[in-house]
file start_29.cif (mmCIF, C-alpha atoms)
data_data
#
loop_
_atom_site.group_PDB
_atom_site.id
_atom_site.type_symbol
_atom_site.label_atom_id
_atom_site.label_comp_id
_atom_site.auth_asym_id
_atom_site.auth_seq_id
_atom_site.Cartn_x
_atom_site.Cartn_y
_atom_site.Cartn_z
ATOM 1 C CA MET A 102 34.576 242.571 184.623
ATOM 2 C CA ILE A 103 30.945 243.617 184.900
ATOM 3 C CA TYR A 104 29.060 243.414 188.201
ATOM 4 C CA TYR A 105 25.266 243.154 188.375
ATOM 5 C CA ALA A 106 22.522 244.069 190.832
ATOM 6 C CA TRP A 107 18.874 243.054 190.600
ATOM 7 C CA GLY A 108 15.863 244.848 192.042
ATOM 8 C CA SER A 109 12.813 242.599 192.066
ATOM 9 C CA SER A 110 9.404 243.817 191.055
ATOM 10 C CA ALA A 111 6.733 243.956 193.726
ATOM 11 C CA THR A 112 4.562 241.699 191.574
ATOM 12 C CA GLY A 113 7.237 239.058 190.937
ATOM 13 C CA THR A 114 5.824 238.110 187.535
ATOM 14 C CA PHE A 115 7.229 237.781 184.071
ATOM 15 C CA THR A 116 7.183 240.606 181.558
ATOM 16 C CA GLY A 117 7.499 241.213 177.852
ATOM 17 C CA PRO A 118 7.426 238.794 174.951
ATOM 18 C CA ALA A 119 9.145 235.424 175.006
ATOM 19 C CA ASN A 120 12.613 235.038 173.509
ATOM 20 C CA ASN A 121 12.169 233.730 169.943
ATOM 21 C CA ARG A 122 15.000 231.216 170.327
ATOM 22 C CA THR A 123 14.385 229.887 173.853
ATOM 23 C CA GLY A 124 10.725 230.653 174.504
ATOM 24 C CA LYS A 125 11.633 232.107 177.925
ATOM 25 C CA ARG A 126 10.438 235.454 179.280
ATOM 26 C CA SER A 127 12.184 238.057 181.426
ATOM 27 C CA GLN A 128 11.296 238.459 185.083
ATOM 28 C CA ALA A 129 9.749 241.753 186.144
ATOM 29 C CA GLY A 130 12.369 243.884 187.871
ATOM 30 C CA CYS A 131 15.369 246.077 187.230
ATOM 31 C CA LEU A 132 18.842 244.922 186.241
ATOM 32 C CA SER A 133 21.740 247.309 186.843
ATOM 33 C CA ALA A 134 25.328 246.837 185.665
ATOM 34 C CA PHE A 135 28.485 248.340 187.141
ATOM 35 C CA SER A 136 32.130 248.442 186.113
ATOM 36 C CA SER A 137 33.377 247.859 189.673
ATOM 37 C CA ARG A 138 32.290 245.824 192.658
ATOM 38 C CA ALA A 139 32.558 248.913 194.887
ATOM 39 C CA GLU A 140 30.044 250.813 192.702
ATOM 40 C CA ARG A 141 27.626 247.891 192.797
ATOM 41 C CA ASP A 142 27.959 247.480 196.562
ATOM 42 C CA ARG A 143 27.403 251.211 197.081
ATOM 43 C CA PHE A 144 24.266 251.016 194.926
ATOM 44 C CA ILE A 145 22.928 248.052 196.915
ATOM 45 C CA GLU A 146 23.593 249.890 200.156
ATOM 46 C CA GLN A 147 21.745 252.962 198.875
ATOM 47 C CA THR A 148 18.705 250.833 197.990
ATOM 48 C CA LYS A 149 18.595 249.560 201.599
ATOM 49 C CA GLY A 150 18.399 245.958 200.473
ATOM 50 C CA ALA A 151 15.864 246.446 197.692
ATOM 51 C CA ALA A 152 18.546 245.311 195.218
ATOM 52 C CA VAL A 153 20.804 242.278 195.523
ATOM 53 C CA ALA A 154 24.060 241.242 193.868
ATOM 54 C CA VAL A 155 23.667 238.660 191.102
ATOM 55 C CA THR A 156 26.164 236.809 188.940
ATOM 56 C CA ALA A 157 26.444 237.340 185.197
ATOM 57 C CA ARG A 158 24.690 234.018 184.637
ATOM 58 C CA GLN A 159 21.819 234.975 186.956
ATOM 59 C CA ALA A 160 21.536 238.371 185.250
ATOM 60 C CA ARG A 161 21.192 236.668 181.867
ATOM 61 C CA GLU A 162 18.553 234.278 183.227
ATOM 62 C CA LEU A 163 16.578 237.144 184.778
ATOM 63 C CA LYS A 164 16.472 238.841 181.373
ATOM 64 C CA ALA A 165 15.820 235.609 179.449
ATOM 65 C CA GLY A 166 13.247 237.288 177.208
ATOM 66 C CA LEU A 167 15.986 239.349 175.540
ATOM 67 C CA ASP A 168 18.143 238.018 172.752
ATOM 68 C CA ASP A 169 21.927 238.391 173.123
ATOM 69 C CA ARG A 170 22.049 241.658 171.188
ATOM 70 C CA ALA A 171 19.315 243.266 173.285
ATOM 71 C CA PHE A 172 20.857 242.015 176.540
ATOM 72 C CA ASN A 173 24.284 243.380 175.611
ATOM 73 C CA GLU A 174 22.696 246.688 174.606
ATOM 74 C CA LEU A 175 20.906 246.880 177.981
ATOM 75 C CA VAL A 176 24.164 246.228 179.857
ATOM 76 C CA ASN A 177 26.085 248.724 177.734
ATOM 77 C CA THR A 178 23.444 251.398 178.357
ATOM 78 C CA SER A 179 23.471 250.641 182.083
ATOM 79 C CA LEU A 180 27.243 251.088 182.118
ATOM 80 C CA GLY A 181 26.802 254.506 180.483
ATOM 81 C CA GLY A 182 28.250 253.513 177.131
ATOM 82 C CA GLY A 183 27.087 254.327 173.661
ATOM 83 C CA ASN A 184 26.386 251.891 170.866
ATOM 84 C CA GLU A 185 29.620 249.960 170.580
#

call {"tool": "encode", "arguments": {"input": "start_29.cif", "output": "structure tokens"}}
result
Amino acid sequence: MIYYAWGSSATGTFTGPANNRTGKRSQAGCLSAFSSRAERDRFIEQTKGAAVAVTARQARELKAGLDDRAFNELVNTSLGGGNE
């Protein structure tokens, strides 16, 4: 299972181009992915509340401007993996 954390941007706006299929854009901020809940919780603690836990569905909605391939690539990179 993959666990996600989201750090909102100070501006709280959208960023990047719209998704060609849905027309939606990604929210400004940083999505991080972790292979364990403990790693994610430790990360959130280290950010002193600047990041919050989000579900997989919320993570996908926050990065709505990415197509599925780009989103999966982002998650894979965040987990420290190569191109699989």

call {"tool": "resolve_selection", "arguments": {"input": "start_29.cif", "expression": "the PyMOL selection byres ((chain A and resi 125) around 12)", "output": "VMD selection string"}}
result
chain A and resid 115 to 124 126 to 128 161 to 168

call {"tool": "resolve_selection", "arguments": {"input": "start_29.cif", "expression": "the PyMOL selection byres ((chain A and resi 160) around 10)", "output": "CSV table (one decimal) with C-alpha atoms, keeping the file's coordinate frame"}}
result
chain,number,residue,atom,x,y,z
A,104,TYR,CA,29.1,243.4,188.2
A,105,TYR,CA,25.3,243.2,188.4
A,106,ALA,CA,22.5,244.1,190.8
A,107,TRP,CA,18.9,243.1,190.6
A,132,LEU,CA,18.8,244.9,186.2
A,133,SER,CA,21.7,247.3,186.8
A,134,ALA,CA,25.3,246.8,185.7
A,154,ALA,CA,24.1,241.2,193.9
A,155,VAL,CA,23.7,238.7,191.1
A,156,THR,CA,26.2,236.8,188.9
A,157,ALA,CA,26.4,237.3,185.2
A,158,ARG,CA,24.7,234.0,184.6
A,159,GLN,CA,21.8,235.0,187.0
A,161,ARG,CA,21.2,236.7,181.9
A,162,GLU,CA,18.6,234.3,183.2
A,163,LEU,CA,16.6,237.1,184.8
A,164,LYS,CA,16.5,238.8,181.4
A,165,ALA,CA,15.8,235.6,179.4
A,172,PHE,CA,20.9,242.0,176.5
A,176,VAL,CA,24.2,246.2,179.9

call {"tool": "atom_distance", "arguments": {"input": "start_29.cif", "atom1": "atom CA of A:Ser136", "atom2": "atom CA of A:Thr148"}}
result
18.1 Å

call {"tool": "resolve_selection", "arguments": {"input": "start_29.cif", "expression": "the PyMOL selection byres ((chain A and resi 110) around 6)", "output": "list of chain:residue names"}}
result
A:Ser109, A:Ala111, A:Thr112, A:Gly113, A:Ala129, A:Gly130

call {"tool": "write_last_selection", "arguments": {"input": "start_29.cif", "atoms": "C-alpha atoms", "output": "PDB file, in the coordinates of the input"}}
result
ATOM      1  CA  SER A 109      12.813 242.599 192.066  1.00  0.00           C
ATOM      2  CA  ALA A 111       6.733 243.956 193.726  1.00  0.00           C
ATOM      3  CA  THR A 112       4.562 241.699 191.574  1.00  0.00           C
ATOM      4  CA  GLY A 113       7.237 239.058 190.937  1.00  0.00           C
ATOM      5  CA  ALA A 129       9.749 241.753 186.144  1.00  0.00           C
ATOM      6  CA  GLY A 130      12.369 243.884 187.871  1.00  0.00           C
TER       7      GLY A 130
END

call {"tool": "closest_residue", "arguments": {"input": "start_29.cif", "among": "A:Thr114, A:Gly108, A:Glu174, A:Asp169", "to": "A:Lys149", "atoms": "only C-alpha atoms"}}
result
A:Gly108

call {"tool": "residues_around", "arguments": {"input": "start_29.cif", "residues": "A:Phe135", "least_positions_apart": "3", "cutoff": "6 Å", "atoms": "all atoms listed in the file", "output": "NGL selection string"}}
result
:A and (103-104 or 141 or 180)

call {"tool": "write_last_selection", "arguments": {"input": "start_29.cif", "atoms": "C-alpha atoms", "output": "PDB file, keeping the file's coordinate frame"}}
result
ATOM      1  CA  ILE A 103      30.945 243.617 184.900  1.00  0.00           C
ATOM      2  CA  TYR A 104      29.060 243.414 188.201  1.00  0.00           C
ATOM      3  CA  ARG A 141      27.626 247.891 192.797  1.00  0.00           C
ATOM      4  CA  LEU A 180      27.243 251.088 182.118  1.00  0.00           C
TER       5      LEU A 180
END

call {"tool": "atom_distance", "arguments": {"input": "start_29.cif", "atom1": "atom CA of A:Ala139", "atom2": "atom CA of A:Val153"}}
result
13.5 Å

call {"tool": "axis_aligned_box", "arguments": {"input": "start_29.cif", "around": "stretch 151-163 of chain A", "padding_each_side": "6 Å", "output": "JSON"}}
result
{"center_x": 21.2, "center_y": 240.2, "center_z": 189.8, "size_x": 22.6, "size_y": 24.4, "size_z": 27.8}

call {"tool": "atom_distance", "arguments": {"input": "start_29.cif", "atom1": "atom CA of A:Gly182", "atom2": "atom CA of A:Arg138"}}
result
17.8 Å
